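Student: Dropping a structure here in structure tokens format, bear with me for questions.
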Amino acid sequence: MLLYNSATRRRDEFIPNEAGKVSMYTCGPTVYHYAHIGNLRSYIMEDVLEKYLRYAGYDVTRVMNITDVGHLSSDADTGEDKMLKGARREKKTVMEIAKFYTDAFFADCKKLNIKTPDVVAPATSCIDEFIKVIESLLEKGFAYEAGGNIYFDTSKLKQYYIFNDFREEDLEVGVREGVEEDGNKKNKADFVLWFTKSKFDDQELKWESPWGIGYPGWHIECSCISMKYLGESLDIHCGGIDNAFPHHTNEIAQSEAYLGHKWCNYWFHVHHLNTNSGKMSKSSGEFLTVSLLEEKGYDPLVYRLFCLQSHYRKSLVFSYENLDNAAIAYNKMIARVLSLLKEEQGEIDNESFDALKARFCAALDNDMNTALGVTAVYDVLKAKTTPATKLKLIEDFDRVLGLDIVPAARKQYDAEKAAAEQAASDPFIQEIEDMIRQRAEAKKAKNYALADEIRKTLSDKGVTLIDTPQGTKYTID
């Protein structure tokens, strides 16, 4: 299995630290607002990675943090705390905001078939761990106190910039949007490990520390939560590409300074979901959430398919036209599986099963190429093999893809079967079905006058016909 590793800038063979086991860390949400669908693209692709590792036979332990304190509004650890901003906006406490939006996040994940990680740890549950690591960094000379805050000293590192060739000048005030001057720093790239009350008197959540009452910086939480639950050597760290710098860069700096050795072997970064006007965010344009898509009539799994049709390392442009195309493809898949359920199933063809499964695995082994993984589903539907083999393969692939294709088709199949049973026991329903068949035959014979007459007769009986690409449906007034 090959994975693109952002730290090495190449596709590396995936070899975990311990044979058969994988430790996996995911940067979780800052729970001050609903997650938009751009945020959720990352979690969908990380979910596919986790599920494929399990599918391939690995014992995976996945940990996710919940940022419920300390995430500021700029990369320079300055500006307003996002959690405090959310509390003010809704006139609630920070913890009320955190609970509400954490629940909302996992409700969206459930709709998208995103598995809940094995461990979900709020930042506020690990304050002791943060303090322990910061104390050690101070003792080792990797941190310093200034202006009441504790900063990490990036000048003590042999290499700070890991993922990109940033220059020190790139971090100067005014060069990058949202970066503000912090006079306490010795170096422009230094970052806050702990804030005290001297800087944020209005901060609602505060804890006692050796440096005064305060709260942790954003970056320290992921390092400590990962080490607490996954140990000192991590296999895979996931997140959106916008977190590579400074968040993940700072995680590596503080973790390896604390541990004294390499911390994480593989970095899995998912690229942005864009609109035609640029990167999707909560502050620009229409705030696109799963709930909004549902209100517009889209099944959330259509959005999941939309994401899977593109490689995770490519920026993806969202539009309703593109989502409509994904909806058409999704419904066609379900319709094809529905037709399989209606056929004589036959025996499982093991030779065909193995050959078609090999194509699917080859796609996912090649840096999680989900687009080819979806193509493998189409290959199954077109293959010359038994319906039983096709259904088993699609259910097998869906352990990774998470599209619920077969369950959705079975639901339709059961509904049609129930309707047929009702029709068989209801003379009026049977009459409607017979007249619809007569009308179809009349149209086929180009006897449109008879077809119109049948429609009118049914209309007089309170039956409205609806012609669709899948056949004629009806409603009874």
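Labels for the structure tokens follow display order: chains A, B, ..., residues from 1 in each chain, ligands from 1.
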What are the closest atom pairs, with distances in Å to one decimal, for all residues of region 72-146 of chain A lying within 10 Å of region 397-404 of chain A? Consider only C-alpha atoms, order rows by chain and residue number, and present the result as JSON lines.

Tutor:
{"residue": "A:Leu112", "atom": "CA", "partner": "A:Gly402", "partner_atom": "CA", "distance": 8.2}
{"residue": "A:Asn113", "atom": "CA", "partner": "A:Gly402", "partner_atom": "CA", "distance": 5.9}
{"residue": "A:Ile114", "atom": "CA", "partner": "A:Gly402", "partner_atom": "CA", "distance": 7.9}
{"residue": "A:Lys115", "atom": "CA", "partner": "A:Gly402", "partner_atom": "CA", "distance": 9.5}

Student: Show which residues sit within 8 Å of Asn366 (chain A), as a list in words. Count only C-alpha atoms, and ignore same-chain residues fewer than 5 positions away.

Tutor: Met1, Leu2 and Leu3 of chain A

Student: If you keep C-alpha atoms, can you produce a file of those selected residues as a PDB file, in the first residue's frame?

Tutor:
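Full text of part05.pdb as output:
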ATOM      1  CA  MET A   1       0.000   0.000   0.000  1.00  0.00           C
ATOM      2  CA  LEU A   2       1.375   3.399  -1.044  1.00  0.00           C
ATOM      3  CA  LEU A   3       0.412   6.627   0.721  1.00  0.00           C
TER       4      LEU A   3
END

Student: Any idea what's packed within 7 Å of region 308-319 of chain A, counting only C-alpha atoms, ignoring anything in its chain fewer than 4 positions away? Could you give it as a count of residues only?

Tutor: 14

Student: Nearest residue to Gln254 (chain A) out of A:Asp349, A:Asp182, A:Glu145, A:Glu135, using only C-alpha atoms?

Tutor: A:Glu135

Student: Using only C-alpha atoms, which of the listed residues (A:Asn149, A:Glu221, A:Ala56, A:Asn331) sits closest to Thr124 (chain A)?

Tutor: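 Counting only C-alpha atoms, the residue closest to Thr124 (chain A) is A:Glu221.
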
Student: Using only C-alpha atoms for the distances, tell me which of A:Phe191, A:Tyr303, A:Phe428, A:Tyr151 is nearest to Val290 (chain A).

Tutor: A:Tyr303

Student: Go through A:Asp379, A:Asp452, A:Asp68, A:Glu433 one by one, measure the shortest atom-to-atom distance of each to Ala420 (chain A) using only C-alpha atoms, and give the residue with the smallest value.

Tutor: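 Using only C-alpha atoms, the shortest distance to Ala420 (chain A) belongs to A:Glu433.
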
Student: So the first atom is CA of Arg11 (chain A) and the second is CA of Thr116 (chain A); what is the distance between them in Å, to one decimal place?

Tutor: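 About the pair CA of Arg11 (chain A) and CA of Thr116 (chain A): they are 27.3 Å apart.
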
Student: List the spatial neighbours of Thr30 (chain A) as a PyMOL selection string - criterion: any atom at most 9 Å away, only C-alpha atoms, same-chain residues fewer than 3 positions off excluded.

Tutor: chain A and resi 33+35+66-69+71+82-83+98+101-102

Student: For Lys392 (chain A), find every residue with an atom within 12 Å (counting only C-alpha atoms), except residues of its own chain fewer than 3 positions away, and show them as a PDB file with N, CA and C atoms, in the first residue's frame.

Tutor:
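Everything below was put into selection36.pdb:
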ATOM      1  N   VAL A 337     -28.526  -1.992  -8.865  1.00  0.00           N
ATOM      2  CA  VAL A 337     -28.528  -3.012  -7.820  1.00  0.00           C
ATOM      3  C   VAL A 337     -29.943  -3.533  -7.591  1.00  0.00           C
ATOM      4  N   LEU A 340     -30.597  -6.136  -9.976  1.00  0.00           N
ATOM      5  CA  LEU A 340     -29.912  -7.379  -9.609  1.00  0.00           C
ATOM      6  C   LEU A 340     -30.722  -8.171  -8.589  1.00  0.00           C
ATOM      7  N   LEU A 341     -31.326  -7.463  -7.640  1.00  0.00           N
ATOM      8  CA  LEU A 341     -32.108  -8.130  -6.604  1.00  0.00           C
ATOM      9  C   LEU A 341     -33.314  -8.858  -7.179  1.00  0.00           C
ATOM     10  N   GLN A 345     -30.469 -15.296  -8.499  1.00  0.00           N
ATOM     11  CA  GLN A 345     -29.167 -14.919  -7.949  1.00  0.00           C
ATOM     12  C   GLN A 345     -28.001 -15.782  -8.433  1.00  0.00           C
ATOM     13  N   GLY A 346     -28.212 -17.075  -8.557  1.00  0.00           N
ATOM     14  CA  GLY A 346     -27.122 -17.944  -8.962  1.00  0.00           C
ATOM     15  C   GLY A 346     -26.118 -18.161  -7.836  1.00  0.00           C
ATOM     16  N   GLU A 347     -24.995 -18.823  -8.158  1.00  0.00           N
ATOM     17  CA  GLU A 347     -23.949 -19.110  -7.174  1.00  0.00           C
ATOM     18  C   GLU A 347     -22.882 -18.015  -7.187  1.00  0.00           C
ATOM     19  N   ILE A 348     -22.112 -17.946  -6.101  1.00  0.00           N
ATOM     20  CA  ILE A 348     -20.965 -17.034  -6.063  1.00  0.00           C
ATOM     21  C   ILE A 348     -19.863 -17.588  -6.966  1.00  0.00           C
ATOM     22  N   ASP A 349     -19.417 -16.763  -7.903  1.00  0.00           N
ATOM     23  CA  ASP A 349     -18.320 -17.130  -8.802  1.00  0.00           C
ATOM     24  C   ASP A 349     -17.028 -16.628  -8.154  1.00  0.00           C
ATOM     25  N   ASN A 350     -16.314 -17.512  -7.474  1.00  0.00           N
ATOM     26  CA  ASN A 350     -15.134 -17.098  -6.696  1.00  0.00           C
ATOM     27  C   ASN A 350     -14.023 -16.526  -7.565  1.00  0.00           C
ATOM     28  N   SER A 352     -14.341 -14.827 -10.453  1.00  0.00           N
ATOM     29  CA  SER A 352     -14.725 -13.455 -10.794  1.00  0.00           C
ATOM     30  C   SER A 352     -14.633 -12.555  -9.575  1.00  0.00           C
ATOM     31  N   PHE A 353     -15.086 -13.058  -8.438  1.00  0.00           N
ATOM     32  CA  PHE A 353     -15.049 -12.268  -7.204  1.00  0.00           C
ATOM     33  C   PHE A 353     -13.624 -11.812  -6.903  1.00  0.00           C
ATOM     34  N   ASP A 354     -12.684 -12.726  -6.948  1.00  0.00           N
ATOM     35  CA  ASP A 354     -11.288 -12.397  -6.620  1.00  0.00           C
ATOM     36  C   ASP A 354     -10.688 -11.412  -7.620  1.00  0.00           C
ATOM     37  N   LEU A 356     -12.254  -9.168  -9.555  1.00  0.00           N
ATOM     38  CA  LEU A 356     -12.855  -7.834  -9.428  1.00  0.00           C
ATOM     39  C   LEU A 356     -12.442  -7.166  -8.116  1.00  0.00           C
ATOM     40  N   LYS A 357     -12.306  -7.939  -7.060  1.00  0.00           N
ATOM     41  CA  LYS A 357     -11.847  -7.373  -5.796  1.00  0.00           C
ATOM     42  C   LYS A 357     -10.407  -6.872  -5.914  1.00  0.00           C
ATOM     43  N   VAL A 377     -16.719  -0.307  -8.747  1.00  0.00           N
ATOM     44  CA  VAL A 377     -18.135  -0.661  -8.548  1.00  0.00           C
ATOM     45  C   VAL A 377     -18.833  -0.792  -9.898  1.00  0.00           C
ATOM     46  N   VAL A 380     -17.972  -3.975 -11.606  1.00  0.00           N
ATOM     47  CA  VAL A 380     -18.749  -5.095 -11.075  1.00  0.00           C
ATOM     48  C   VAL A 380     -20.120  -5.151 -11.737  1.00  0.00           C
ATOM     49  N   LEU A 381     -20.782  -3.992 -11.824  1.00  0.00           N
ATOM     50  CA  LEU A 381     -22.131  -3.950 -12.402  1.00  0.00           C
ATOM     51  C   LEU A 381     -22.142  -4.383 -13.867  1.00  0.00           C
ATOM     52  N   THR A 385     -20.900 -11.952 -14.749  1.00  0.00           N
ATOM     53  CA  THR A 385     -20.885 -12.900 -13.641  1.00  0.00           C
ATOM     54  C   THR A 385     -22.274 -12.931 -13.022  1.00  0.00           C
ATOM     55  N   THR A 386     -22.467 -13.731 -12.013  1.00  0.00           N
ATOM     56  CA  THR A 386     -23.804 -13.912 -11.446  1.00  0.00           C
ATOM     57  C   THR A 386     -24.234 -12.717 -10.590  1.00  0.00           C
ATOM     58  N   PRO A 387     -25.540 -12.471 -10.500  1.00  0.00           N
ATOM     59  CA  PRO A 387     -26.028 -11.407  -9.619  1.00  0.00           C
ATOM     60  C   PRO A 387     -25.567 -11.586  -8.173  1.00  0.00           C
ATOM     61  N   ALA A 388     -25.517 -12.827  -7.702  1.00  0.00           N
ATOM     62  CA  ALA A 388     -25.068 -13.088  -6.325  1.00  0.00           C
ATOM     63  C   ALA A 388     -23.630 -12.618  -6.126  1.00  0.00           C
ATOM     64  N   THR A 389     -22.783 -12.840  -7.131  1.00  0.00           N
ATOM     65  CA  THR A 389     -21.384 -12.395  -7.060  1.00  0.00           C
ATOM     66  C   THR A 389     -21.308 -10.879  -7.036  1.00  0.00           C
ATOM     67  N   GLU A 395     -21.348  -5.112  -1.709  1.00  0.00           N
ATOM     68  CA  GLU A 395     -21.422  -5.037  -0.249  1.00  0.00           C
ATOM     69  C   GLU A 395     -20.024  -5.038   0.366  1.00  0.00           C
ATOM     70  N   ASP A 396     -19.125  -5.809  -0.218  1.00  0.00           N
ATOM     71  CA  ASP A 396     -17.744  -5.884   0.260  1.00  0.00           C
ATOM     72  C   ASP A 396     -17.036  -4.540   0.081  1.00  0.00           C
ATOM     73  N   PHE A 397     -17.136  -3.961  -1.111  1.00  0.00           N
ATOM     74  CA  PHE A 397     -16.496  -2.661  -1.370  1.00  0.00           C
ATOM     75  C   PHE A 397     -17.080  -1.571  -0.477  1.00  0.00           C
ATOM     76  N   ASP A 398     -18.375  -1.704  -0.174  1.00  0.00           N
ATOM     77  CA  ASP A 398     -19.048  -0.650   0.580  1.00  0.00           C
ATOM     78  C   ASP A 398     -18.611  -0.623   2.036  1.00  0.00           C
ATOM     79  N   ARG A 399     -17.926  -1.654   2.503  1.00  0.00           N
ATOM     80  CA  ARG A 399     -17.305  -1.606   3.830  1.00  0.00           C
ATOM     81  C   ARG A 399     -16.300  -0.466   3.890  1.00  0.00           C
ATOM     82  N   ILE A 405     -25.193   1.408  -0.906  1.00  0.00           N
ATOM     83  CA  ILE A 405     -25.862   1.163  -2.187  1.00  0.00           C
ATOM     84  C   ILE A 405     -26.838  -0.012  -2.082  1.00  0.00           C
ATOM     85  N   VAL A 406     -26.367  -1.120  -1.568  1.00  0.00           N
ATOM     86  CA  VAL A 406     -27.225  -2.303  -1.465  1.00  0.00           C
ATOM     87  C   VAL A 406     -28.367  -2.093  -0.475  1.00  0.00           C
TER      88      VAL A 406
END

Student: Nearest residue to Cys264 (chain A) out of A:Ser23, A:Arg62, A:Pro216, A:Glu139, using only C-alpha atoms?

Tutor: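 Of all the options, A:Ser23 lies closest to Cys264 (chain A).
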
Student: So which residues touch Val302 (chain A) within 7 Å, counting only C-alpha atoms, skipping near sequence neighbours fewer than 5 positions away, as a list of chain:residue names?

Tutor: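 In the requested form, the answer reads A:Ala326, A:Ala327, A:Tyr330.
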
Student: Could you jot down the CA of Asp108 (chain A) to CA of Tyr320 (chain A) separation for me, Å, one decimal place?

Tutor: 19.2 Å

Student: Pick the closest to Asp153 (chain A) from A:Pro300, A:Gly38, A:Gly141, A:Gly240: which is it, counting only C-alpha atoms?

Tutor: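 Of A:Pro300, A:Gly38, A:Gly141, A:Gly240, the one nearest Asp153 (chain A) is A:Gly141, counting only C-alpha atoms.
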